[in-house]
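Worksheet: the structure to be examined is printed underneath.
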Amino acid sequence: MAFGVALGQGVADAQALVPDLLVQQADPAGDRAALTRLAEWATRFSPLVAPDPPDGLMLDITGCAHLWNGPGGGPGNGEPQLLEDALRRLRGHGFAVSGAIAGTIGAAWAASRFGPHSSNPHSSNPHPSPPPNRRREAVAIIPPGAVSGALAGLPVEALRLDPSTADGLARLGLRKIGDLYPMQRAGLAQRFGQPLLNRLDQALGCAAETLSPLAPPPERRVGLGFAEPISEPESIHRVTEILVERLSRELAEHQRGTRALRLAAYRIDGEVSAIAIGTARASAETRHLLHLLAGKLEQIDPGPGIEFMSLAADRTEVVEALQSGLIDPDESAISAADLAPLLDRLANRLGSERLARPVPVESHVPERAVKLVAPLDETKKPKPWENPPGKNPLWPKLPPRPTRLLPSPEPIEVMAPVPDDPPITFRWRRILHRVTWAEGPERIAPEWWRPAANGADEALETRDYYRVEDEAGGRYWLYRAGLYQAGRAPRWFLHGVFA
Amino acid sequence: MNALSRPIQAANQNAALTPRAGEAKAFSIKGLKAEVARLERLGAVATGAIARSRLHDQMVRLGVPEVDTHLPWGGLPCGALHELAGEGADREQAAAAAGFAALWLARLQAAGPVLWIARAPGRAAIDLHAHGLKQLALDPQRLILVAARRDDEALWAMEEGLKAKGLGAVLGEIGRLDLTASRRLQLAAEASGVTAFVLRRWRLMTTAEREAARPIAAMTRWRIASIPGEGACHWQVALTRCRGGKPAAWTLEQADGPENLHAAPLSGDLAEVMVGRSLVADAAQRAHRTERRAG
């Protein structure tokens with residue numbers, strides 16, 4: 001770096017060297033967010049992209065490079081072209097960037113930051129973490145089998161070591177990775193711990209290391225690049241049509257349908273604008289999928305223009321042939337084929353977590369007695385709401401239940417003559433209700449075999465429920481939590497309102 | 001079917017629109033009524049939507065003769081918009097109104113599942129209790145719940161539901177509703193034959209007062225008030241507006257089980273109820289007057 005300013009220097013020192021130095025607060029969170037955005041942008045090269053904070057991106061380009069080989073399949077495997085393309089585009093966006101392709105994550109990390117093409121050799125750098133803004137413009141491709149040779153000349157910092165380990169190695173005169181090769185592993189492990197050996201093994205390919213990509217790779221993906229950036233809504237719509245047609249043809253060939261689609265538009269300014277839709281049932285129907293996407297297309301912001309669009313099917317399932325008319329009415333209460341398009345439209349505008357179908361749960365605790373599941377989720381056969389007729393009633397008939405059950409019981413102020421009696425008056429949401437009629441208690445014991453829902457003791461308390469009616473005719477469901485204990489005021493809650 | 005009981009003034013308004021109205025048919029009331037029905041249905045027939053529904057031009061009976069015979073259709077007409085609202089504290093809770101709605105919905109479930117759009121930020125916050133609804137004969141297995149955060153979301157979801165095929169009825173819990181929005185719902189219901197309900201739910205009493213008096217394009221408007229009934233469902237049900245019919249009020253009670261719903265002896269027409277329950281009747285009349293002015 002110019003003027004003798006170096007990473008890790010105090011601001012005062014640096015300002016002493018360069019009096020008119022421009023100082024800005026570091027923004028690690030902003031940097032991380034920017035890196036994530038950049039990783040998203042990089043999914044145009046490979047679906048498997050992992051941000052490598054603070055300043056790196058890892059791409060698994062297995063099986064991707066040949067696409068950069070140019071039409072007609074020129075010589076080579078396309079790797080140099082891919083790397084060249086990626087670096088050129090990144091530099092176009094104003095990044096100082098260097099890159100490398102290697103057979104292991106560790107070797108690629110080392111070669112991209114400390115490789116021979118790197119304009120600034122690091123051997124003299126006392127700080128092992130590579131500076132994020134250092135100008136590096138290296139291109140290095142380490143062919144398989146040449147990893148140990150290529151790494152031998154690099155400084156030990158290239159092994160992603162923590163500073164103290166690197167300092168310790170330097171003190172012993174072990175400055176290059178090659179210096180470590182002849183060393184006794186046991187000795188190294190004893191002195192510097194297992195992490196050093198792990199890093200060495202990972203770089204050389206003797207130990208496994210996996211990427212944790214930004215998003216799991218889609219199961220199927222189609223893409224379309226444009227010679228000229230597009231931005232008109234009509235063009236975007238047309239491209240979407242083409243992509244959906246291609247994807248659904250591909251899906252149909254394999255008799256599969258998709259449950260989740262992601263349409264991504266890669267803009268020329270490096271941003272990615274994406275929309276996602278989900279379907280209640282696996283679908284490969286062009287019209288249906290297009291309809292769902294079309295409703296959200298306006299959310300794609302073309303910015304200065306879109307140069308590449310991709311459509312990925314994230315969850316695919318085998319499509320079963322639908323026999324809508326033949327479904328036994330008892331088997332499927334909600335006719336899935338008819339309602340799927342409606343439910344998809346609702347779910348994609350409001351969010352799938354807003355749709356529900358109640359299913360009964362064998363529980364006495366009222367808030368647990370009903371579970372809300374996705375409307376067309378038929379993975380498990382639902383339990384019947386009633387005991388089948390003629391059978392011994394294992395599950396007794398429920399006493400009256402309210403129409404409205406508050407999502408969480410609300411504490412009320414109560415006046416009750418005797419601890420065990422229903423209240424005479426109660427105050428709920430600041431309104432005083434005079435009880436004219438009450439029935440109860442219906443004792444609901446805690447389900448000790450289940451853990452408390454939110455760690456609170458409340459779920460593990462016996463509740464005595466009362467149905468009460470006030471002067472105005474309102475009918476409420478109250479309960480007293482816990483058994484009566486001398487010296488402790490009973491706590492009352494309102495849990496529901498009857499019709 | 002429902003057109004047979006339209007008021008004759010409506011026919012006169014529309015008579016000039018059609019060349020056939022000036023001919024011999026104009027003399028017979030029956031012919032005029034048929035003409036009006038034809039005009040009213042014209043939009044739906046033109047879009048081809050009318051034949052789709054099994055229940056179209058049909059009605060559903062509550063099973064309480066006093067109520068069913070009072071309604072000019074012999075029951076609640078399908079493929080139309082109906083408004084239900086609570087009284088007093090129930091304007092916020094909408095428990096009794098939901099119970100009354102459940103009775104109608106249960107009878108409409110034969111045609112298809114019911115879409116219930118509740119006011120809640122997420123599905124976990126929906127305050128309906130399926131076991132409670134089941135005790136009012138609504139089959140939870142044929143019930144789809146949607147959580148809507150705002151009125152516009154709920155109205156949009158209602159319209160989508162009304163446009164889709166395969167549903168028995170659509171109910172939306174709505175706070176603010178104006179004439180335009182309600183007309184859209186009414187038209188969508190008419191086109192598809194799916195019955196639509198708006199269950200009015202207001203958090204503030206001032207909003208409730210204002211909204212309850214506002215005219216909307218519903219076929220019928222109901223006000224349901226809980227009255228003391230020793231724990232059993234006991235409602236003062238007021239029909240405050242009924243297109244082509246008269247307002248009325250009944251006391252309904254449900255002793256045990258949904259099949260036992262019946263009108264209590266206190267039932268009757270509006271004048272009779274006014275003596276006993278002036279509050280409900282006043283509200284009914286006020287709403288009725290407002291609508292006549294607006295319409």
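In the structure tokens, the first chain shown is A, the next is B, and so on; residue numbers restart at 1 for each chain, and ligands run from 1 in the order shown.
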
Counting only C-alpha atoms, a student should be able to say which residues of chain B come within 8 Å of chain A; what is the right answer, written as a PyMOL selection string?
chain B and resi 89-90+93+95-100+112-113+121-133+135+140-148+153+157+160-161+164-167+226-231+233

Which of range 81-325 of chain A counts as alpha helix (DSSP H) under DSSP, as a PyMOL selection string please?
chain A and resi 81-92+105-114+147-152+163-171+177-180+185-192+194-204+233-253+286-294

As a list in words, please: the residues near Val67 in chain B (cut-off 9 Å, only C-alpha atoms, same-chain neighbours under 6 positions excluded).
Arg61, Gly74, Gly75, Ala248, Ala249, Trp250 and Ala263 of chain B

Restrict the selected residues to C-alpha atoms and save them as a compact mmCIF listing (two decimals), in the first residue's frame.
```
# COMPACT_ATOMS: atom_id res chain seq x y z
CA ARG B 61 -82.47 -22.86 4.40
CA GLY B 74 -87.59 -19.09 0.99
CA GLY B 75 -84.07 -19.13 2.42
CA ALA B 248 -87.49 -8.41 10.88
CA ALA B 249 -86.05 -9.78 14.06
CA TRP B 250 -86.22 -13.09 15.82
CA ALA B 263 -87.02 -19.64 17.02
```

Quick one: everything within 12 Å of Leu188 in chain A, counting only C-alpha atoms, minus sequence neighbours fewer than 4 positions away in the same chain. Send it as a VMD selection string.
chain A and resid 165 168 to 169 172 174 179 to 184 192 to 198 200

If DSSP is run on the backbone, what residues of range 73-178 of chain B are strand (DSSP E or B)? A reply as a VMD selection string would be ideal.
chain B and resid 76 to 77 81 to 86 114 to 119 128 143 to 148 169 to 174

What's around Thr258 in chain A at 10 Å? Count only C-alpha atoms, leave out sequence neighbours fewer than 4 positions away in its own chain, and write the answer as a ChimeraX atom specification.
/A:219-220,247-248,251,278-285,289,312-319

Would you mind reading off the distance between CA of Gly115 in chain A and CA of Gly270 in chain A, one decimal, in Å?
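These atoms are spaced 26.5 Å apart.
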
Please report the interatomic distance between CA of Ala106 in chain B and CA of Gly193 in chain B in Å with one decimal.
16.8 Å

List the spatial neighbours of Val237 in chain B as a PyMOL selection string - criterion: any atom at most 8 Å away, only C-alpha atoms, same-chain residues fewer than 3 positions off excluded.
chain B and resi 222-225+249-252

Atom-to-atom span, CA of Leu83 in chain A and CA of Ala39 in chain A, Å:
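Separating CA of Leu83 in chain A from CA of Ala39 in chain A is a distance of 15.0 Å.
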
If we count only C-alpha atoms and set the cut-off at 12 Å, which residues sit around Arg160 in chain A, ignoring sequence neighbours fewer than 3 positions away in its own chain? Please answer as a PyMOL selection string.
chain A and resi 52+105-111+113-114+127-130+154-157+163-166+177+195-203
